[in-house]
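With mmCIF, C-alpha atoms inside, this is my_file_38.cif:
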```cif
data_upload
#
loop_
_atom_site.label_atom_id
_atom_site.label_comp_id
_atom_site.auth_asym_id
_atom_site.auth_seq_id
_atom_site.Cartn_x
_atom_site.Cartn_y
_atom_site.Cartn_z
CA CYS A 1 -21.95 40.67 -1.28
CA VAL A 2 -19.35 42.23 0.97
CA MET A 3 -20.22 41.78 4.63
CA SER A 4 -18.72 45.15 5.58
CA SER A 5 -20.99 46.93 3.07
CA CYS A 6 -24.22 45.56 4.54
CA SER A 7 -26.25 48.50 5.84
CA ASP A 8 -29.18 46.92 7.66
CA ASP A 9 -30.28 43.66 9.26
CA ASP A 10 -31.85 42.40 6.02
CA ASP A 11 -28.57 42.95 4.15
CA VAL A 12 -26.56 41.23 6.89
CA SER A 13 -28.99 38.31 6.92
CA PHE A 14 -28.86 37.97 3.11
CA CYS A 15 -25.06 38.09 3.06
CA ALA A 16 -24.79 35.55 5.88
CA ASN A 17 -27.29 33.25 4.16
CA LEU A 18 -25.50 33.62 0.82
CA TYR A 19 -22.20 32.73 2.46
CA GLU A 20 -23.81 29.70 4.11
CA GLU A 21 -25.29 28.66 0.74
CA LEU A 22 -21.87 28.90 -0.92
CA GLN A 23 -20.38 26.75 1.86
CA THR A 24 -23.20 24.18 1.87
CA THR A 25 -23.14 23.75 -1.91
CA LYS A 26 -19.32 23.45 -1.81
CA VAL A 27 -18.84 26.41 -4.17
CA LEU A 28 -16.18 27.84 -1.88
CA ASP A 29 -14.29 24.52 -2.02
CA ARG A 30 -13.95 24.91 -5.80
CA LEU A 31 -12.28 28.33 -5.70
CA LYS A 32 -8.83 28.38 -7.30
CA PRO A 33 -6.04 30.90 -6.84
CA ALA A 34 -6.75 33.88 -9.08
CA ARG A 35 -3.96 35.15 -11.27
CA THR A 36 -3.17 38.47 -12.86
CA ALA A 37 -2.53 38.60 -16.60
CA GLY A 38 1.16 38.98 -15.83
CA GLU A 39 1.15 35.86 -13.66
CA SER A 40 -0.57 33.89 -16.40
CA GLN A 41 1.97 35.05 -18.99
CA THR A 42 4.85 34.28 -16.62
CA GLU A 43 3.47 30.79 -16.01
CA ASP A 44 3.22 30.19 -19.76
CA LEU A 45 6.81 31.36 -20.25
CA LEU A 46 8.11 29.23 -17.38
CA GLN A 47 6.24 26.21 -18.73
CA LEU A 48 7.83 26.75 -22.14
CA LEU A 49 11.30 27.04 -20.55
CA LEU A 50 10.67 23.91 -18.44
CA GLU A 51 9.63 21.95 -21.53
CA ARG A 52 12.86 22.95 -23.27
CA GLY A 53 15.00 22.13 -20.25
CA MET A 54 16.06 25.76 -19.83
CA SER A 55 14.65 26.22 -16.34
CA GLN A 56 13.98 24.22 -13.22
CA ASN A 57 11.71 26.79 -11.61
CA SER A 58 7.99 26.19 -11.43
CA SER A 59 5.16 28.67 -10.94
CA THR A 60 3.15 26.21 -8.84
CA ASP A 61 3.22 25.39 -5.16
CA SER A 62 3.76 21.93 -3.65
CA ASN A 63 0.07 21.10 -4.26
CA GLY A 64 0.28 22.01 -7.95
CA ASN A 65 -1.71 25.24 -7.53
CA PRO A 66 -0.48 28.35 -9.33
CA VAL A 67 1.51 30.71 -7.12
CA THR A 68 -0.21 34.08 -6.99
CA ILE A 69 0.80 37.56 -5.92
CA ARG A 70 -2.52 38.70 -4.47
CA GLY A 71 -3.60 35.57 -2.61
CA ASP A 72 -7.24 35.78 -3.71
CA LYS A 73 -9.25 32.83 -4.99
CA SER A 74 -12.03 32.81 -7.56
CA LEU A 75 -14.38 30.76 -9.68
CA PHE A 76 -16.40 31.66 -12.75
CA VAL A 77 -19.98 30.41 -12.81
CA ALA A 78 -20.54 28.98 -16.28
CA ARG A 79 -23.03 30.85 -18.47
CA GLU A 80 -24.48 27.55 -19.61
CA TYR A 81 -25.28 26.66 -16.01
CA ARG A 82 -26.97 30.01 -15.32
CA HIS A 83 -28.83 30.43 -18.62
CA GLY A 84 -28.89 27.11 -20.43
CA LYS A 85 -30.81 23.94 -19.88
CA HIS A 86 -29.52 23.79 -16.28
CA ARG A 87 -31.02 27.16 -15.32
CA ARG A 88 -33.75 25.61 -13.12
CA ASP A 89 -31.09 23.55 -11.32
CA PHE A 90 -29.08 26.70 -10.72
CA GLU A 91 -32.14 28.56 -9.32
CA THR A 92 -33.01 25.61 -7.08
CA ASN A 93 -29.50 24.79 -5.85
CA HIS A 94 -28.29 28.39 -5.44
CA PRO A 95 -31.38 30.55 -4.71
CA ARG A 96 -29.50 33.39 -3.01
CA LEU A 97 -26.71 33.52 -5.57
CA TYR A 98 -29.37 33.46 -8.30
CA GLN A 99 -31.23 36.31 -6.56
CA LEU A 100 -28.04 38.37 -6.27
CA ILE A 101 -27.14 37.85 -9.95
CA GLU A 102 -30.70 38.65 -11.09
CA THR A 103 -30.85 41.81 -8.95
CA LEU A 104 -27.52 43.07 -10.29
CA SER A 105 -28.49 42.20 -13.87
CA LYS A 106 -31.85 44.00 -13.63
CA THR A 107 -30.23 47.04 -12.04
CA PHE A 108 -27.63 47.19 -14.82
CA GLN A 109 -30.30 46.67 -17.48
CA ASN A 110 -32.40 49.50 -16.01
CA GLN A 111 -29.37 51.81 -16.03
CA VAL A 112 -28.71 51.03 -19.70
CA GLU A 113 -32.38 51.56 -20.58
CA ASP A 114 -32.33 54.92 -18.74
CA PHE A 115 -29.24 55.86 -20.75
CA ASN A 116 -30.95 54.79 -24.00
CA ASP A 117 -34.04 56.86 -23.14
CA LYS A 118 -31.96 60.04 -22.99
CA ASP A 119 -30.80 61.96 -26.05
CA ASN A 120 -27.39 60.37 -26.52
CA GLN A 121 -26.69 61.47 -30.09
CA GLY A 122 -28.11 58.24 -31.46
CA ILE A 123 -25.98 55.96 -29.29
CA GLN A 124 -27.98 52.95 -28.09
CA TYR A 125 -26.72 50.01 -26.07
CA HIS A 126 -28.26 46.56 -26.19
CA LEU A 127 -27.55 43.92 -23.57
CA ASP A 128 -27.45 40.18 -23.83
CA LEU A 129 -27.33 39.23 -20.17
CA SER A 130 -26.85 35.58 -21.08
CA MET A 131 -23.35 36.58 -22.20
CA THR A 132 -22.31 38.15 -18.91
CA SER A 133 -19.68 36.57 -16.69
CA VAL A 134 -20.19 35.89 -13.01
CA GLN A 135 -17.17 35.44 -10.80
CA ILE A 136 -17.19 34.41 -7.16
CA ALA A 137 -14.07 35.57 -5.34
CA VAL A 138 -12.61 35.53 -1.86
CA TYR A 139 -9.96 38.10 -0.98
CA PRO A 140 -7.47 37.88 1.90
CA GLY A 141 -8.21 40.10 4.85
#
```

Using structure tokens, write down the structure from this file.
Amino acid sequence: CVMSSCSDDDDVSFCANLYEELQTTKVLDRLKPARTAGESQTEDLLQLLLERGMSQNSSTDSNGNPVTIRGDKSLFVAREYRHGKHRRDFETNHPRLYQLIETLSKTFQNQVEDFNDKDNQGIQYHLDLSMTSVQIAVYPG
């Protein structure tokens, strides 16, 4: 939910309430610096060199967090929490985040069903929304 993309008062209210929910439930406190694939590979290589005594450089800051190029932070919401035995807890504790995820999932599912209803030379897609990933991210600026 990008605040700058909100088009009417209801959207602004939802986005503001979602942000407040993420703050109140301390989700934003759990965000970690996001890394590109290259950063992850570089960290692995540096760790290997450190272990072998071939380098003294570290890819972490003074707090032990990975150094990142982009400066964004993110967190994946576990599938098990959203779809497993904790689903009711997730709905109760994060009603707006749950609503956002459900709305996006249903929209995507409807798009796939519309595609499947057309003559697509026998190509059919089937979704298992319990296998989707949800990432919460904060970007600088």

Which residue is closest to A:Leu129? Choose from A:Phe115, A:Arg30, A:Ser74, A:Glu102 and count only C-alpha atoms. A:Glu102

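Between atom CA of A:Ser105 and atom CA of A:Thr24 lies a distance of 24.5 Å.
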
Between A:Ala37, A:Leu127, A:Tyr19, A:Val77, which one has atoms that come closest to A:Phe90, using all atoms listed in the file? A:Val77

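Nearest residue to A:Leu97 among A:Ala34, A:Asp128, A:Val112, A:Phe14 is A:Phe14, counting all atoms listed in the file.
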
Between atom CA of A:Thr25 and atom CA of A:Val138, what is the spacing in Å? 15.8 Å

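Between atom CA of A:Glu21 and atom CA of A:Lys106 the separation is 22.0 Å.
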
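Distances to A:Gln111 were evaluated for A:Tyr125, A:Leu45, A:Gln99, A:Ser130 using all atoms listed in the file, and the minimum falls at A:Tyr125.
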
Dump of stretch 115-127 of chain A from preceding block, all heavy atoms, as a short mmCIF file (atom, residue, chain, number, x, y, z; two decimals), in the first residue's frame:
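Once everything was written out, this is part16.cif:
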```cif
data_model
loop_
_atom_site.label_atom_id
_atom_site.label_comp_id
_atom_site.auth_asym_id
_atom_site.auth_seq_id
_atom_site.Cartn_x
_atom_site.Cartn_y
_atom_site.Cartn_z
N PHE A 115 -8.11 -15.61 -17.75
CA PHE A 115 -7.18 -16.12 -18.76
C PHE A 115 -7.57 -17.55 -19.14
O PHE A 115 -7.60 -17.91 -20.31
CB PHE A 115 -5.74 -16.09 -18.23
CG PHE A 115 -4.74 -16.70 -19.16
CD1 PHE A 115 -4.19 -15.94 -20.18
CD2 PHE A 115 -4.37 -18.04 -19.05
CE1 PHE A 115 -3.27 -16.50 -21.06
CE2 PHE A 115 -3.45 -18.61 -19.92
CZ PHE A 115 -2.90 -17.84 -20.93
N ASN A 116 -7.86 -18.39 -18.13
CA ASN A 116 -8.21 -19.78 -18.38
C ASN A 116 -9.51 -19.93 -19.15
O ASN A 116 -9.69 -20.90 -19.87
CB ASN A 116 -8.28 -20.57 -17.06
CG ASN A 116 -6.91 -20.85 -16.48
OD1 ASN A 116 -5.90 -20.78 -17.16
ND2 ASN A 116 -6.88 -21.15 -15.20
N ASP A 117 -10.43 -18.96 -19.00
CA ASP A 117 -11.71 -19.02 -19.69
C ASP A 117 -11.58 -18.70 -21.18
O ASP A 117 -12.46 -19.04 -21.97
CB ASP A 117 -12.72 -18.05 -19.05
CG ASP A 117 -13.20 -18.52 -17.69
OD1 ASP A 117 -13.02 -19.72 -17.38
OD2 ASP A 117 -13.74 -17.69 -16.93
N LYS A 118 -10.51 -18.05 -21.56
CA LYS A 118 -10.28 -17.72 -22.97
C LYS A 118 -9.66 -18.91 -23.67
O LYS A 118 -9.11 -19.82 -23.05
CB LYS A 118 -9.36 -16.50 -23.08
CG LYS A 118 -9.98 -15.25 -22.50
CD LYS A 118 -9.02 -14.10 -22.57
CE LYS A 118 -9.67 -12.88 -21.92
NZ LYS A 118 -8.75 -11.78 -21.75
N ASP A 119 -9.72 -18.88 -25.00
CA ASP A 119 -9.08 -19.95 -25.79
C ASP A 119 -7.58 -19.67 -25.82
O ASP A 119 -7.10 -18.81 -26.55
CB ASP A 119 -9.64 -19.98 -27.21
CG ASP A 119 -9.00 -21.09 -28.03
OD1 ASP A 119 -8.49 -22.05 -27.44
OD2 ASP A 119 -9.02 -20.97 -29.27
N ASN A 120 -6.85 -20.38 -25.00
CA ASN A 120 -5.41 -20.18 -24.87
C ASN A 120 -4.62 -21.40 -25.34
O ASN A 120 -3.63 -21.78 -24.72
CB ASN A 120 -5.06 -19.84 -23.41
CG ASN A 120 -5.66 -18.53 -22.99
OD1 ASN A 120 -5.46 -17.52 -23.66
ND2 ASN A 120 -6.42 -18.54 -21.91
N GLN A 121 -5.11 -22.03 -26.40
CA GLN A 121 -4.44 -23.18 -26.99
C GLN A 121 -4.18 -24.27 -25.94
O GLN A 121 -3.12 -24.91 -25.94
CB GLN A 121 -3.15 -22.75 -27.68
CG GLN A 121 -3.37 -21.74 -28.77
CD GLN A 121 -2.09 -21.20 -29.35
OE1 GLN A 121 -1.01 -21.34 -28.78
NE2 GLN A 121 -2.19 -20.58 -30.52
N GLY A 122 -5.14 -24.47 -25.07
CA GLY A 122 -5.05 -25.53 -24.08
C GLY A 122 -4.20 -25.23 -22.87
O GLY A 122 -4.03 -26.08 -22.00
N ILE A 123 -3.67 -24.02 -22.79
CA ILE A 123 -2.86 -23.64 -21.62
C ILE A 123 -3.80 -23.26 -20.48
O ILE A 123 -4.67 -22.42 -20.64
CB ILE A 123 -1.93 -22.46 -21.95
CG1 ILE A 123 -0.94 -22.86 -23.05
CG2 ILE A 123 -1.19 -22.00 -20.69
CD1 ILE A 123 -0.11 -21.69 -23.57
N GLN A 124 -3.63 -23.90 -19.35
CA GLN A 124 -4.42 -23.60 -18.16
C GLN A 124 -3.48 -23.42 -16.97
O GLN A 124 -2.55 -24.20 -16.80
CB GLN A 124 -5.40 -24.74 -17.85
CG GLN A 124 -6.45 -24.97 -18.91
CD GLN A 124 -7.55 -23.92 -18.84
OE1 GLN A 124 -8.22 -23.80 -17.84
NE2 GLN A 124 -7.70 -23.16 -19.91
N TYR A 125 -3.74 -22.40 -16.18
CA TYR A 125 -2.95 -22.17 -14.97
C TYR A 125 -3.79 -22.51 -13.75
O TYR A 125 -4.99 -22.25 -13.72
CB TYR A 125 -2.49 -20.71 -14.89
CG TYR A 125 -1.46 -20.37 -15.92
CD1 TYR A 125 -1.80 -19.71 -17.09
CD2 TYR A 125 -0.13 -20.71 -15.72
CE1 TYR A 125 -0.84 -19.40 -18.04
CE2 TYR A 125 0.83 -20.40 -16.66
CZ TYR A 125 0.47 -19.75 -17.82
OH TYR A 125 1.41 -19.44 -18.75
N HIS A 126 -3.15 -23.09 -12.77
CA HIS A 126 -3.80 -23.42 -11.51
C HIS A 126 -2.98 -22.79 -10.39
O HIS A 126 -1.75 -22.90 -10.37
CB HIS A 126 -3.90 -24.93 -11.32
CG HIS A 126 -4.63 -25.60 -12.43
ND1 HIS A 126 -6.00 -25.61 -12.51
CD2 HIS A 126 -4.19 -26.23 -13.54
CE1 HIS A 126 -6.37 -26.25 -13.61
NE2 HIS A 126 -5.28 -26.63 -14.27
N LEU A 127 -3.67 -22.13 -9.48
CA LEU A 127 -2.99 -21.44 -8.39
C LEU A 127 -3.16 -22.17 -7.07
O LEU A 127 -4.22 -22.69 -6.77
CB LEU A 127 -3.58 -20.03 -8.21
CG LEU A 127 -3.42 -19.06 -9.35
CD1 LEU A 127 -4.12 -17.76 -9.02
CD2 LEU A 127 -1.95 -18.81 -9.63
#
```
